[in-house]
Each structure stands twice: as structure tokens, then as C-alpha cells.
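Enquirer: Please find run12.txt (compact mmCIF, C-alpha atoms and all ligand atoms) on the next line:
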# COMPACT_ATOMS: atom_id res chain seq x y z
CA MET A 6 -21.43 -2.03 3.27
CA THR A 7 -19.16 -2.29 6.30
CA GLN A 8 -18.85 -4.54 9.35
CA THR A 9 -17.22 -4.05 12.73
CA PHE A 10 -13.71 -5.50 12.56
CA GLY A 11 -13.31 -8.03 15.38
CA GLN A 12 -13.25 -6.42 18.81
CA THR A 13 -12.25 -2.99 17.49
CA ASP A 14 -14.55 -0.11 16.63
CA LEU A 15 -13.27 0.00 13.04
CA LYS A 16 -15.97 -0.22 10.37
CA THR A 17 -14.47 -2.05 7.44
CA SER A 18 -15.46 -3.48 4.09
CA ARG A 19 -15.07 -7.27 3.98
CA ILE A 20 -12.76 -6.97 1.00
CA VAL A 21 -9.48 -5.29 1.87
CA TYR A 22 -7.40 -3.72 -0.87
CA GLY A 23 -3.83 -5.14 -0.86
CA CYS A 24 -1.22 -2.56 -1.86
CA MET A 25 1.82 -4.81 -2.43
CA GLY A 26 1.48 -5.45 -6.18
CA GLY A 27 1.02 -1.74 -6.89
CA ALA A 28 4.52 -1.14 -5.53
CA GLY A 29 6.03 -3.53 -8.06
CA ALA A 30 6.11 -6.83 -6.16
CA PHE A 31 5.05 -8.71 -9.28
CA GLY A 32 7.30 -6.93 -11.76
CA ALA A 33 7.18 -3.78 -13.86
CA GLN A 34 4.33 -1.56 -12.81
CA GLU A 35 3.27 1.83 -14.18
CA GLU A 36 2.66 4.30 -11.37
CA ARG A 37 -0.47 5.69 -13.00
CA ASP A 38 -1.94 2.16 -13.05
CA SER A 39 -1.24 1.73 -9.33
CA ILE A 40 -2.88 5.08 -8.53
CA GLU A 41 -5.92 4.32 -10.68
CA ALA A 42 -6.18 0.85 -9.11
CA LEU A 43 -6.32 2.37 -5.62
CA GLN A 44 -8.87 5.02 -6.58
CA ALA A 45 -11.08 2.54 -8.41
CA ALA A 46 -11.02 0.18 -5.41
CA PHE A 47 -12.25 3.03 -3.20
CA ASP A 48 -14.89 4.00 -5.74
CA VAL A 49 -16.43 0.49 -5.82
CA GLY A 50 -16.87 0.58 -2.03
CA ILE A 51 -13.66 -0.72 -0.45
CA ASN A 52 -12.63 1.40 2.55
CA PHE A 53 -9.94 -0.88 4.04
CA PHE A 54 -6.39 -0.67 2.63
CA ASP A 55 -3.50 -2.92 3.63
CA THR A 56 0.10 -1.88 3.16
CA ALA A 57 3.51 -2.35 4.83
CA GLU A 58 6.78 -0.49 5.10
CA ALA A 59 8.40 -3.44 3.30
CA TYR A 60 6.35 -2.94 0.12
CA GLY A 61 8.73 -0.93 -2.02
CA ALA A 62 10.55 0.40 1.09
CA GLY A 63 7.77 2.88 1.89
CA TYR A 64 6.74 3.52 -1.71
CA SER A 65 3.47 1.59 -1.33
CA GLU A 66 2.48 3.78 1.64
CA GLN A 67 3.38 6.92 -0.31
CA LEU A 68 1.28 5.80 -3.28
CA LEU A 69 -1.71 5.22 -1.03
CA HIS A 70 -1.40 8.77 0.29
CA ARG A 71 -1.05 10.22 -3.20
CA ALA A 72 -4.01 8.28 -4.57
CA LEU A 73 -6.43 8.65 -1.69
CA GLY A 74 -5.01 11.20 0.76
CA ASP A 75 -8.13 13.35 0.43
CA LYS A 76 -10.28 10.36 1.49
CA ARG A 77 -8.31 9.56 4.66
CA SER A 78 -11.22 10.18 7.03
CA GLU A 79 -13.32 7.61 5.13
CA MET A 80 -10.59 4.97 5.12
CA VAL A 81 -9.22 2.33 7.45
CA ILE A 82 -5.48 1.79 6.94
CA SER A 83 -3.45 -1.19 8.09
CA SER A 84 0.32 -1.25 7.83
CA LYS A 85 3.09 -3.49 9.12
CA VAL A 86 6.50 -3.01 10.66
CA ALA A 87 9.19 -5.13 9.02
CA GLU A 88 10.68 -8.01 10.97
CA LYS A 89 14.09 -6.29 11.13
CA ASN A 90 12.59 -3.23 12.85
CA VAL A 91 10.81 -4.71 15.85
CA ALA A 92 13.25 -3.66 18.60
CA PRO A 93 11.44 -0.85 20.47
CA ASP A 94 13.38 2.19 19.21
CA ASP A 95 13.43 0.83 15.64
CA LEU A 96 9.73 0.04 15.79
CA ILE A 97 8.79 3.53 16.93
CA ALA A 98 11.02 5.07 14.25
CA ALA A 99 9.47 2.76 11.61
CA CYS A 100 5.98 3.81 12.63
CA GLU A 101 6.96 7.51 12.39
CA ARG A 102 8.29 6.87 8.87
CA SER A 103 5.10 5.07 7.88
CA LEU A 104 2.98 7.94 9.24
CA LYS A 105 5.00 10.36 7.14
CA ASN A 106 4.72 8.16 4.04
CA LEU A 107 0.99 7.81 4.55
CA GLY A 108 0.54 11.53 5.24
CA THR A 109 -1.59 10.76 8.28
CA ASP A 110 -1.40 11.23 12.03
CA HIS A 111 -2.50 7.68 12.88
CA ILE A 112 -2.53 4.14 11.50
CA ASP A 113 -5.72 2.24 12.31
CA LEU A 114 -4.19 -1.22 12.56
CA TYR A 115 -0.44 -1.81 12.89
CA MET A 116 1.06 -5.28 12.68
CA LEU A 117 4.32 -7.10 13.33
CA HIS A 118 4.85 -8.40 9.76
CA TRP A 119 6.69 -11.64 10.66
CA PRO A 120 7.89 -13.21 13.92
CA ASN A 121 11.40 -12.19 14.96
CA ARG A 122 13.21 -14.66 17.23
CA GLU A 123 16.00 -12.24 18.15
CA VAL A 124 13.96 -9.51 19.85
CA PRO A 125 11.87 -10.36 22.94
CA LEU A 126 8.21 -10.15 21.96
CA GLU A 127 7.37 -8.25 25.13
CA ASP A 128 9.68 -5.45 23.99
CA SER A 129 7.93 -5.18 20.62
CA ILE A 130 4.48 -5.32 22.20
CA GLY A 131 5.58 -2.69 24.72
CA ALA A 132 6.48 -0.37 21.85
CA LEU A 133 3.15 -1.06 20.14
CA LYS A 134 1.32 -0.18 23.37
CA GLN A 135 3.28 3.04 23.64
CA LEU A 136 2.35 3.95 20.04
CA ARG A 137 -1.29 3.21 20.82
CA ASP A 138 -1.22 5.26 24.04
CA ASP A 139 0.38 8.13 22.09
CA GLY A 140 -2.43 7.97 19.52
CA LYS A 141 -0.09 7.05 16.64
CA ILE A 142 -1.88 3.75 16.06
CA ARG A 143 -5.43 2.78 17.01
CA TYR A 144 -4.97 -1.01 17.31
CA TYR A 145 -2.12 -3.47 16.91
CA GLY A 146 -1.74 -7.07 15.90
CA VAL A 147 0.44 -9.65 14.21
CA SER A 148 0.93 -11.34 10.88
CA ASN A 149 2.16 -14.84 10.08
CA TYR A 150 1.80 -15.93 13.70
CA GLY A 151 1.18 -19.65 14.25
CA THR A 152 -0.34 -21.01 17.47
CA GLU A 153 2.83 -20.87 19.56
CA ASP A 154 3.66 -17.30 18.56
CA LEU A 155 0.03 -16.22 18.86
CA ASP A 156 -0.24 -17.65 22.39
CA ALA A 157 2.85 -15.68 23.37
CA ALA A 158 1.42 -12.48 21.87
CA LEU A 159 -2.00 -12.98 23.46
CA ALA A 160 -0.36 -13.34 26.87
CA LEU A 161 1.22 -9.90 26.44
CA GLY A 162 -1.39 -7.67 24.85
CA GLU A 163 -4.68 -7.10 23.08
CA ILE A 164 -4.05 -8.64 19.66
CA SER A 165 -6.60 -7.20 17.23
CA VAL A 166 -5.65 -9.14 14.09
CA ASN A 167 -3.60 -12.02 12.68
CA GLN A 168 -2.88 -11.60 8.96
CA LEU A 169 -2.33 -15.02 7.40
CA PRO A 170 -2.02 -16.73 3.99
CA TYR A 171 -5.37 -18.35 3.30
CA HIS A 172 -7.02 -19.42 0.06
CA LEU A 173 -8.29 -22.53 -1.71
CA PHE A 174 -4.74 -23.59 -2.65
CA PHE A 175 -3.45 -23.08 0.90
CA ARG A 176 -5.64 -24.13 3.82
CA ALA A 177 -2.80 -24.81 6.29
CA ILE A 178 -4.16 -22.38 8.89
CA GLU A 179 -7.28 -24.54 9.29
CA PHE A 180 -5.39 -27.23 11.21
CA GLU A 181 -4.50 -25.13 14.27
CA VAL A 182 -4.23 -21.38 14.04
CA GLN A 183 -7.65 -20.56 12.62
CA PRO A 184 -9.46 -22.41 15.49
CA LYS A 185 -7.22 -20.57 17.97
CA CYS A 186 -8.02 -17.21 16.38
CA LYS A 187 -11.71 -18.02 16.57
CA THR A 188 -11.55 -18.97 20.25
CA ALA A 189 -9.45 -15.92 21.14
CA GLY A 190 -11.66 -13.54 19.13
CA VAL A 191 -8.78 -12.52 16.86
CA PRO A 192 -9.99 -11.78 13.33
CA ILE A 193 -7.99 -13.16 10.43
CA MET A 194 -7.07 -11.00 7.46
CA CYS A 195 -6.47 -13.49 4.62
CA TYR A 196 -3.68 -12.71 2.19
CA SER A 197 -2.88 -14.03 -1.28
CA SER A 198 -6.62 -14.67 -1.45
CA LEU A 199 -6.35 -15.07 -5.23
CA MET A 200 -3.08 -17.06 -4.92
CA GLN A 201 -1.27 -14.18 -6.64
CA GLY A 202 -3.52 -14.55 -9.69
CA LEU A 203 -3.84 -18.35 -9.99
CA LEU A 204 -7.40 -17.96 -8.66
CA ALA A 205 -8.21 -15.14 -11.08
CA GLY A 206 -9.16 -17.51 -13.89
CA LYS A 207 -6.17 -16.93 -16.15
CA TYR A 208 -4.41 -20.29 -16.03
CA ARG A 209 -5.56 -23.72 -17.17
CA SER A 210 -2.39 -25.42 -16.00
CA LEU A 211 -0.12 -24.89 -12.98
CA GLN A 212 2.75 -25.14 -15.41
CA ASP A 213 1.71 -21.81 -16.99
CA PHE A 214 1.98 -19.91 -13.71
CA PRO A 215 4.79 -17.28 -13.78
CA VAL A 216 8.00 -18.66 -12.33
CA ASN A 217 8.41 -15.74 -9.92
CA ARG A 218 5.03 -16.61 -8.37
CA ALA A 219 5.42 -20.40 -8.40
CA ARG A 220 7.29 -20.33 -5.12
CA THR A 221 4.83 -21.71 -2.59
CA ARG A 222 5.02 -25.13 -0.94
CA MET A 223 2.64 -26.49 -3.59
CA PHE A 224 5.39 -26.28 -6.20
CA ASP A 225 8.09 -28.95 -6.49
CA HIS A 226 11.47 -27.45 -5.55
CA ARG A 227 13.20 -29.59 -8.18
CA LYS A 228 11.26 -28.00 -11.05
CA TRP A 229 10.91 -24.31 -10.24
CA ALA A 230 13.81 -21.88 -10.26
CA GLU A 231 12.68 -19.45 -7.55
CA VAL A 232 11.46 -21.91 -4.93
CA VAL A 233 13.46 -21.75 -1.68
CA HIS A 234 11.85 -24.63 0.23
CA LYS A 235 13.03 -28.20 -0.19
CA GLU A 236 9.64 -29.91 -0.51
CA GLU A 237 8.34 -32.00 -3.38
CA GLY A 238 5.16 -29.97 -3.43
CA ALA A 239 1.70 -31.21 -4.30
CA GLU A 240 1.29 -30.26 -7.94
CA GLU A 241 -0.92 -33.19 -8.93
CA ALA A 242 -3.40 -32.32 -6.19
CA GLY A 243 -3.07 -28.63 -7.15
CA GLN A 244 -3.85 -29.33 -10.80
CA GLU A 245 -6.80 -31.49 -9.74
CA LEU A 246 -8.13 -28.50 -7.78
CA LEU A 247 -7.56 -26.10 -10.67
CA ASP A 248 -9.47 -28.44 -13.03
CA ALA A 249 -12.32 -28.71 -10.51
CA LEU A 250 -12.48 -24.92 -10.21
CA TRP A 251 -12.76 -24.48 -13.96
CA ALA A 252 -15.57 -27.08 -14.00
CA LEU A 253 -17.36 -25.23 -11.19
CA THR A 254 -17.17 -21.93 -13.07
CA GLU A 255 -19.10 -23.61 -15.89
CA GLU A 256 -21.62 -25.31 -13.62
CA THR A 257 -22.37 -22.20 -11.53
CA GLY A 258 -21.81 -19.36 -14.01
CA LEU A 259 -19.58 -17.70 -11.40
CA SER A 260 -16.06 -16.50 -12.12
CA MET A 261 -13.11 -18.16 -10.43
CA GLU A 262 -12.53 -15.00 -8.35
CA GLU A 263 -16.13 -15.12 -7.13
CA LEU A 264 -15.71 -18.77 -6.11
CA ALA A 265 -12.38 -18.09 -4.39
CA ILE A 266 -13.47 -14.98 -2.50
CA GLY A 267 -17.01 -16.17 -1.75
CA TRP A 268 -15.49 -19.27 -0.14
CA LEU A 269 -13.08 -17.20 2.01
CA LYS A 270 -15.87 -14.88 3.14
CA SER A 271 -17.71 -17.90 4.53
CA ARG A 272 -14.79 -19.21 6.60
CA LYS A 273 -14.59 -19.03 10.38
CA ALA A 274 -12.87 -16.06 12.03
CA VAL A 275 -12.22 -14.27 8.73
CA GLY A 276 -12.52 -10.52 9.33
CA GLY A 277 -11.15 -9.33 6.00
CA VAL A 278 -10.21 -10.82 2.64
CA ILE A 279 -7.28 -8.99 1.05
CA VAL A 280 -7.15 -8.77 -2.74
CA GLY A 281 -4.50 -6.98 -4.77
CA THR A 282 -4.91 -5.57 -8.27
CA ARG A 283 -2.58 -3.97 -10.82
CA ASN A 284 -4.83 -1.47 -12.60
CA GLY A 285 -8.18 0.28 -12.58
CA GLU A 286 -9.95 -2.34 -14.65
CA GLN A 287 -9.04 -5.15 -12.23
CA SER A 288 -10.12 -2.99 -9.29
CA ARG A 289 -13.51 -2.34 -10.85
CA GLY A 290 -13.84 -6.14 -10.89
CA LEU A 291 -13.72 -6.07 -7.07
CA LYS A 292 -17.31 -4.78 -6.93
CA LYS A 293 -18.71 -8.24 -7.62
CA LEU A 294 -16.40 -9.69 -4.93
CA LEU A 295 -17.85 -7.33 -2.34
CA ASP A 296 -21.30 -8.63 -3.20
CA VAL A 297 -20.70 -12.35 -3.72
CA GLU A 298 -22.19 -14.90 -1.31
CA LEU A 299 -22.09 -18.59 -2.21
CA ASP A 300 -24.76 -21.26 -1.72
CA ALA A 301 -24.05 -24.07 0.75
CA SER A 302 -23.81 -26.59 -2.11
CA VAL A 303 -21.12 -24.55 -3.88
CA LEU A 304 -19.20 -24.08 -0.61
CA LYS A 305 -19.31 -27.84 -0.05
CA ALA A 306 -18.05 -28.52 -3.58
CA LEU A 307 -15.13 -26.12 -2.97
CA ASP A 308 -14.31 -27.75 0.39
CA ASP A 309 -14.29 -31.17 -1.23
CA ALA A 310 -12.26 -30.08 -4.25
CA SER A 311 -9.49 -28.56 -2.11
CA GLU A 312 -9.36 -31.22 0.63
CA ARG A 313 -6.70 -33.44 -0.97
CA LEU A 314 -4.35 -30.49 -1.49
CA LYS A 315 -4.97 -29.30 2.06
CA GLN A 316 -4.02 -32.71 3.47
CA GLU A 317 -0.96 -33.07 1.26
CA LEU A 318 0.44 -29.63 2.18
CA GLY A 319 -0.25 -30.08 5.89
CA LYS A 320 -0.16 -27.56 8.70
CA ASP A 321 2.99 -25.47 8.15
CA ILE A 322 1.55 -21.98 7.72
CA ASP A 323 4.65 -20.51 6.05
CA MET A 324 3.36 -20.58 2.46
CA TRP A 325 6.91 -20.34 1.11
CA GLY A 326 8.34 -22.95 3.49
CA LYS A 327 11.13 -20.77 4.82
CA GLY A 328 10.73 -22.09 8.37
CA ARG A 329 9.75 -18.72 9.83
CA THR A 330 6.54 -19.66 11.60
CA ARG A 331 5.55 -21.79 14.58
N1 LIG B 1 1.29 -10.35 5.66
C1 LIG B 1 2.02 -10.87 4.70
O1 LIG B 1 3.09 -11.47 4.93
C2 LIG B 1 1.55 -10.74 3.29
C3 LIG B 1 2.16 -11.49 2.26
C4 LIG B 1 1.68 -11.36 0.95
C5 LIG B 1 0.60 -10.49 0.69
N2 LIG B 1 0.04 -9.76 1.69
C6 LIG B 1 -1.08 -8.82 1.43
O2 LIG B 1 -2.03 -9.43 0.60
C7 LIG B 1 -2.24 -8.62 -0.56
C8 LIG B 1 -2.70 -9.45 -1.74
O3 LIG B 1 -1.97 -10.64 -1.88
P1 LIG B 1 -1.08 -10.92 -3.12
O4 LIG B 1 -0.46 -9.63 -3.52
O5 LIG B 1 -0.25 -12.08 -2.73
O6 LIG B 1 -2.00 -11.32 -4.31
P2 LIG B 1 -3.54 -11.77 -4.63
O7 LIG B 1 -4.48 -10.76 -4.13
O8 LIG B 1 -3.71 -13.18 -4.23
O9 LIG B 1 -3.47 -11.72 -6.22
C9 LIG B 1 -3.23 -10.50 -6.87
C10 LIG B 1 -3.20 -10.75 -8.37
O10 LIG B 1 -4.45 -11.28 -8.81
C11 LIG B 1 -4.71 -10.83 -10.12
N3 LIG B 1 -6.03 -10.16 -10.14
C12 LIG B 1 -6.62 -9.46 -9.16
N4 LIG B 1 -7.82 -9.00 -9.58
C13 LIG B 1 -7.97 -9.41 -10.84
C14 LIG B 1 -8.99 -9.25 -11.81
N5 LIG B 1 -10.11 -8.56 -11.54
N6 LIG B 1 -8.82 -9.82 -13.01
C15 LIG B 1 -7.70 -10.51 -13.29
N7 LIG B 1 -6.69 -10.69 -12.42
C16 LIG B 1 -6.84 -10.15 -11.22
C17 LIG B 1 -3.58 -9.86 -10.52
O11 LIG B 1 -2.66 -10.64 -11.25
P3 LIG B 1 -1.69 -10.01 -12.39
O12 LIG B 1 -0.56 -9.38 -11.63
O13 LIG B 1 -1.26 -11.21 -13.15
O14 LIG B 1 -2.49 -9.05 -13.20
C18 LIG B 1 -3.02 -9.47 -9.17
O15 LIG B 1 -1.66 -9.08 -9.21
C19 LIG B 1 -0.93 -7.85 -0.72
O16 LIG B 1 -1.09 -6.69 -1.52
C20 LIG B 1 -0.65 -7.53 0.72
O17 LIG B 1 -1.46 -6.44 1.13
C21 LIG B 1 0.49 -9.89 2.98
Give the structure from the file, written as C-alpha cells.

Expert:
Amino acid sequence: MTQTFGQTDLKTSRIVYGCMGGAGAFGAQEERDSIEALQAAFDVGINFFDTAEAYGAGYSEQLLHRALGDKRSEMVISSKVAEKNVAPDDLIAACERSLKNLGTDHIDLYMLHWPNREVPLEDSIGALKQLRDDGKIRYYGVSNYGTEDLDAALALGEISVNQLPYHLFFRAIEFEVQPKCKTAGVPIMCYSSLMQGLLAGKYRSLQDFPVNRARTRMFDHRKWAEVVHKEEGAEEAGQELLDALWALTEETGLSMEELAIGWLKSRKAVGGVIVGTRNGEQSRGLKKLLDVELDASVLKALDDASERLKQELGKDIDMWGKGRTR
């Protein structure tokens, strides 16, 4: 089942397949698993695939072509230009490379991956408009744009998407940017919807989370080796939420993924919920996430359980606290 994506004419599944993990972002990854994961996601009914030139330096885009090139006409593809390539000539060259990697003549939705303070935004948007007018991309948008950046982008062009980190462990966008997206009619694509696996029902304790994933602002910089921010985190509130989620799985009979994704599907302005998998078996599990809808009482319980963490982490939408967003 598909929906119309925001103000575009793209018909998309509400679950978007995220291609980053398949290119090795989470560690060693067998290529055949990545290919099977992509094909199985398509087979369960997902037609929307999100990638970026930054994922494996083009490898993720190439994998998508190899796995599903023969299904291109049935797919909607989003990709992103890396922050370092947003000067006009670089951006156009990056898009040409992505088209080649993807084995296609157009990208449906093309985003500026992160804000870049060195290149005037009007120059980047000008290049995106040129790509659209040339038929190389259908629509363009942004990713990781807070209210100030989004206002600037909206003043310059027709922004068809804002891709943002959003999940039960990270509700920062709710303070400002989500209401702005709703008012402006800009659909949100949520990323890290399963908090890189923490919301996939594999961990009883935050302390068991892999160190290379425990990098978000929730984690105390004094305890975790790969954290780059300097915040004390909110681990007590995070553990309280994790405990509440486990209790809710028992009360409702739903899996943690169903709770996490069902909640996101109900949130304002959400046009797509991105989920990444590592193999075919995990992708077959996405079928139930396409179908899940939660009762109002379960949604309320999830709101309540995650409220303390939301308040403690506050409104900075950079999930890793690198100071890149505003
Ligand atoms: N715009 C941006 O700046 C940005 C940033 C980050 C991500 N993204 C996008 O968002 C996508 C997804 O986000 P994410 O990669 O951060 O991760 P995610 O979707 O939150 O979590 C992915 C992880 O969840 C686990 N998982 C998924 N399905 C499962 C299942 N059925 N059973 C058990 N475990 C399951 C797997 O963990 P294991 O690896 O442990 O098996 C998988 O690697 C990316 O691929 C990318 O497209 C965008």
C-alpha cells in the first residue's frame, strides 16, 4: 500500500528502506546479505529506498542498483549529496556520479545531507533546481535542517522533504522543527527509527549497546569511548524508557519494533519511516511494520514513557551533538 509523499506525485510505502547499514556502516557486512536484504524488503512491499553518496563512498548506491536494478520503474529512490559537495559544480558532479552508481537516469528525491556553512545555500539550491529542470532529479529537499536552516531553504525553493533523526529515544525535533515542517507542508523522513537496533528488542540494558553505536547525546561522554559530544547524557531516563518498552511488549503482545514504528507512523508530518536491516531475515520482519497501527492507549503509554528522556535531552536536533544543526 502506498501514499502520496507530501506535495510531490511520488507514491511511496510508509516504511522506507535505509541502505546505510548494508554498505558496512555498522561493521563487517557480507555483500550477499546486503543484496538479499534489499530484495526481501522490496518483496514484502517496500518501494521507497533511501541511500546517499556518503554510504560507502557510492557503494550503497551501487548495491541498490545490483539488487533491484530490474525493478527501477516500481521504485522511488532518495539519495543525498554529501556536505562537502554542495558548491554548484561539485553538486552537479556528485549527482552525475550517483546516477551512474544507481544505474538510473533520474533520482526521485535528492537531499542536501547536512547543512554547510561555507557555501551559500542559494548556490546549492540553484544547482538542485538546475538538476530538476534537466530531469536528473524529480524533487529536492534537505536533511538535518533545524528551524533556522529550514526557513532559509524554504525562502529559496520548493523543499519536498526534511530527513531528520526521530524515534522514541530522540524526540528533539518535536520542540521546534516538526511543527515548522507541518505548517510548511514539508514531510519528515525519520531516520534511526530503531535507534540503530536499540529499539529492535535485543538489549535489556543500555550498557549492552555496542560501543560504536552508543554515540548519541543520550550517552554520557565520560563513559563511552566513541562519543564526540561533551554532554553528560540521560542514561537513567533512557534505561527507564527501555524498561517501560519491555513491559509494554508483554502487556500488548507487540514486538518492540512494532511499538517503535507504530508510534512514529502516528506522529505529525511524518511522510516516511526509514528502517535499515542487515540481512534477508530482518527485512522479512519489515512486513509487520508496514501493517502495524497502534491503539490510542498504547500511543499514550509510549508518549508518557519517553517524555522524561525527551525533556532531559532537549531541543538540539543533532543526535550526535556535533554542533552542526540550527
Ligand atoms: N540523513 C542522515 O543524516 C541519516 C543518518 C543516519 C541514518 N540515515 C538513514 O536511516 C537509515 C536507518 O537508520 P540507521 O541505519 O541509523 O538504523 P535503524 O534503522 O535505526 O536500525 C537498524 C538496525 O536495526 C536492527 N534491525 C532492523 N530490523 C531488525 C529486525 N527485524 N530484527 C532485529 N534487528 C533488526 C539491525 O541491527 P543489527 O545491525 O544489530 O543487526 C539494524 O542494523 C539509514 O540506512 C539511512 O538510510 C540517515

Enquirer: Please, which residues in region 121-240 of chain A fall within 12 Å of region 50-63 of chain A when counting only C-alpha atoms, and what is the closest atom pair and distance in Å to one decimal for each, ordered by chain then residue number, as CSV?

Expert:
residue,atom,partner,partner_atom,distance
A:Ser148,CA,A:Ala57,CA,11.1
A:Gln168,CA,A:Asp55,CA,10.2
A:Met194,CA,A:Asp55,CA,9.6
A:Cys195,CA,A:Asp55,CA,11.0
A:Tyr196,CA,A:Asp55,CA,9.9

Enquirer: Within 7 Å of ligand LIG 1 (chain B), which residues show up when you count all atoms listed in the file? List them as a PDB file with C-alpha atoms, in the frame of the given file, please.

Expert:
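To be explicit, this is the file written out as part-v7.pdb:
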ATOM      1  CA  TYR A  22      -7.400  -3.720  -0.870  1.00  0.00           C
ATOM      2  CA  GLY A  23      -3.830  -5.140  -0.860  1.00  0.00           C
ATOM      3  CA  CYS A  24      -1.220  -2.560  -1.860  1.00  0.00           C
ATOM      4  CA  MET A  25       1.820  -4.810  -2.430  1.00  0.00           C
ATOM      5  CA  GLY A  26       1.480  -5.450  -6.180  1.00  0.00           C
ATOM      6  CA  PHE A  31       5.050  -8.710  -9.280  1.00  0.00           C
ATOM      7  CA  ASP A  55      -3.500  -2.920   3.630  1.00  0.00           C
ATOM      8  CA  THR A  56       0.100  -1.880   3.160  1.00  0.00           C
ATOM      9  CA  HIS A 118       4.850  -8.400   9.760  1.00  0.00           C
ATOM     10  CA  TRP A 119       6.690 -11.640  10.660  1.00  0.00           C
ATOM     11  CA  SER A 148       0.930 -11.340  10.880  1.00  0.00           C
ATOM     12  CA  ASN A 149       2.160 -14.840  10.080  1.00  0.00           C
ATOM     13  CA  GLN A 168      -2.880 -11.600   8.960  1.00  0.00           C
ATOM     14  CA  LEU A 169      -2.330 -15.020   7.400  1.00  0.00           C
ATOM     15  CA  PRO A 170      -2.020 -16.730   3.990  1.00  0.00           C
ATOM     16  CA  TYR A 196      -3.680 -12.710   2.190  1.00  0.00           C
ATOM     17  CA  SER A 197      -2.880 -14.030  -1.280  1.00  0.00           C
ATOM     18  CA  SER A 198      -6.620 -14.670  -1.450  1.00  0.00           C
ATOM     19  CA  LEU A 199      -6.350 -15.070  -5.230  1.00  0.00           C
ATOM     20  CA  MET A 200      -3.080 -17.060  -4.920  1.00  0.00           C
ATOM     21  CA  GLN A 201      -1.270 -14.180  -6.640  1.00  0.00           C
ATOM     22  CA  GLY A 202      -3.520 -14.550  -9.690  1.00  0.00           C
ATOM     23  CA  ALA A 205      -8.210 -15.140 -11.080  1.00  0.00           C
ATOM     24  CA  ILE A 279      -7.280  -8.990   1.050  1.00  0.00           C
ATOM     25  CA  VAL A 280      -7.150  -8.770  -2.740  1.00  0.00           C
ATOM     26  CA  GLY A 281      -4.500  -6.980  -4.770  1.00  0.00           C
ATOM     27  CA  THR A 282      -4.910  -5.570  -8.270  1.00  0.00           C
ATOM     28  CA  ARG A 283      -2.580  -3.970 -10.820  1.00  0.00           C
ATOM     29  CA  GLU A 286      -9.950  -2.340 -14.650  1.00  0.00           C
ATOM     30  CA  GLN A 287      -9.040  -5.150 -12.230  1.00  0.00           C
ATOM     31  CA  SER A 288     -10.120  -2.990  -9.290  1.00  0.00           C
ATOM     32  CA  GLY A 290     -13.840  -6.140 -10.890  1.00  0.00           C
ATOM     33  CA  LEU A 291     -13.720  -6.070  -7.070  1.00  0.00           C
TER      34      LEU A 291
END

Enquirer: For a cut-off of 12 Å around (-7.9, -9.7, 13.6), file coordinates, pick out all residues using only C-alpha atoms and list them as a PyMOL selection string.

Expert: chain A and resi 9-13+15+17+83+114-116+144-150+155+159+163-169+183+185-195+273-278

Enquirer: Given only C-alpha atoms as the basis, pick out the residue of A:Glu41, A:Asp248, A:Glu231, A:Glu179 nearest to Asn217 (chain A).

Expert: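 Result for the nearest residue to Asn217 (chain A): A:Glu231.
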
Enquirer: What does the distance from CA of Glu262 (chain A) to CA of Ala306 (chain A) come to in Å, to one decimal?

Expert: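 Atom-to-atom, CA of Glu262 (chain A) and CA of Ala306 (chain A) are spaced 15.4 Å apart.
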
Enquirer: Between A:Leu69, A:Ile82, A:Ala132, A:Leu307, single out the one closest to Leu96 (chain A), counting all atoms listed in the file.

Expert: A:Ala132

Enquirer: Can you sort out region 16-31 of chain A so it carries N, CA and C atoms, written as a short mmCIF file (atom, residue, chain, number, x, y, z; two decimals), in the coordinates of the input?

Expert:
data_model
loop_
_atom_site.label_atom_id
_atom_site.label_comp_id
_atom_site.auth_asym_id
_atom_site.auth_seq_id
_atom_site.Cartn_x
_atom_site.Cartn_y
_atom_site.Cartn_z
N LYS A 16 -14.90 0.25 11.28
CA LYS A 16 -15.97 -0.22 10.37
C LYS A 16 -15.33 -0.46 9.01
N THR A 17 -15.27 -1.70 8.62
CA THR A 17 -14.47 -2.05 7.44
C THR A 17 -15.28 -2.84 6.40
N SER A 18 -14.90 -2.63 5.14
CA SER A 18 -15.46 -3.48 4.09
C SER A 18 -14.86 -4.88 4.26
N ARG A 19 -15.58 -5.90 3.81
CA ARG A 19 -15.07 -7.27 3.98
C ARG A 19 -13.94 -7.56 3.01
N ILE A 20 -13.91 -6.87 1.89
CA ILE A 20 -12.76 -6.97 1.00
C ILE A 20 -11.79 -5.85 1.38
N VAL A 21 -10.54 -6.23 1.52
CA VAL A 21 -9.48 -5.29 1.87
C VAL A 21 -8.62 -5.13 0.62
N TYR A 22 -8.26 -3.90 0.30
CA TYR A 22 -7.40 -3.72 -0.87
C TYR A 22 -5.94 -3.93 -0.47
N GLY A 23 -5.23 -4.83 -1.15
CA GLY A 23 -3.83 -5.14 -0.86
C GLY A 23 -2.90 -4.33 -1.74
N CYS A 24 -2.02 -3.55 -1.13
CA CYS A 24 -1.22 -2.56 -1.86
C CYS A 24 0.15 -3.07 -2.32
N MET A 25 0.46 -4.34 -2.13
CA MET A 25 1.82 -4.81 -2.43
C MET A 25 2.13 -4.81 -3.93
N GLY A 26 1.24 -5.34 -4.74
CA GLY A 26 1.48 -5.45 -6.18
C GLY A 26 1.66 -4.09 -6.84
N GLY A 27 0.94 -3.09 -6.33
CA GLY A 27 1.02 -1.74 -6.89
C GLY A 27 2.39 -1.12 -6.70
N ALA A 28 3.16 -1.66 -5.75
CA ALA A 28 4.52 -1.14 -5.53
C ALA A 28 5.56 -1.95 -6.29
N GLY A 29 5.10 -2.82 -7.18
CA GLY A 29 6.03 -3.53 -8.06
C GLY A 29 6.45 -4.92 -7.62
N ALA A 30 5.72 -5.50 -6.66
CA ALA A 30 6.11 -6.83 -6.16
C ALA A 30 6.04 -7.91 -7.23
N PHE A 31 5.19 -7.68 -8.24
CA PHE A 31 5.05 -8.71 -9.28
C PHE A 31 5.73 -8.32 -10.59
#
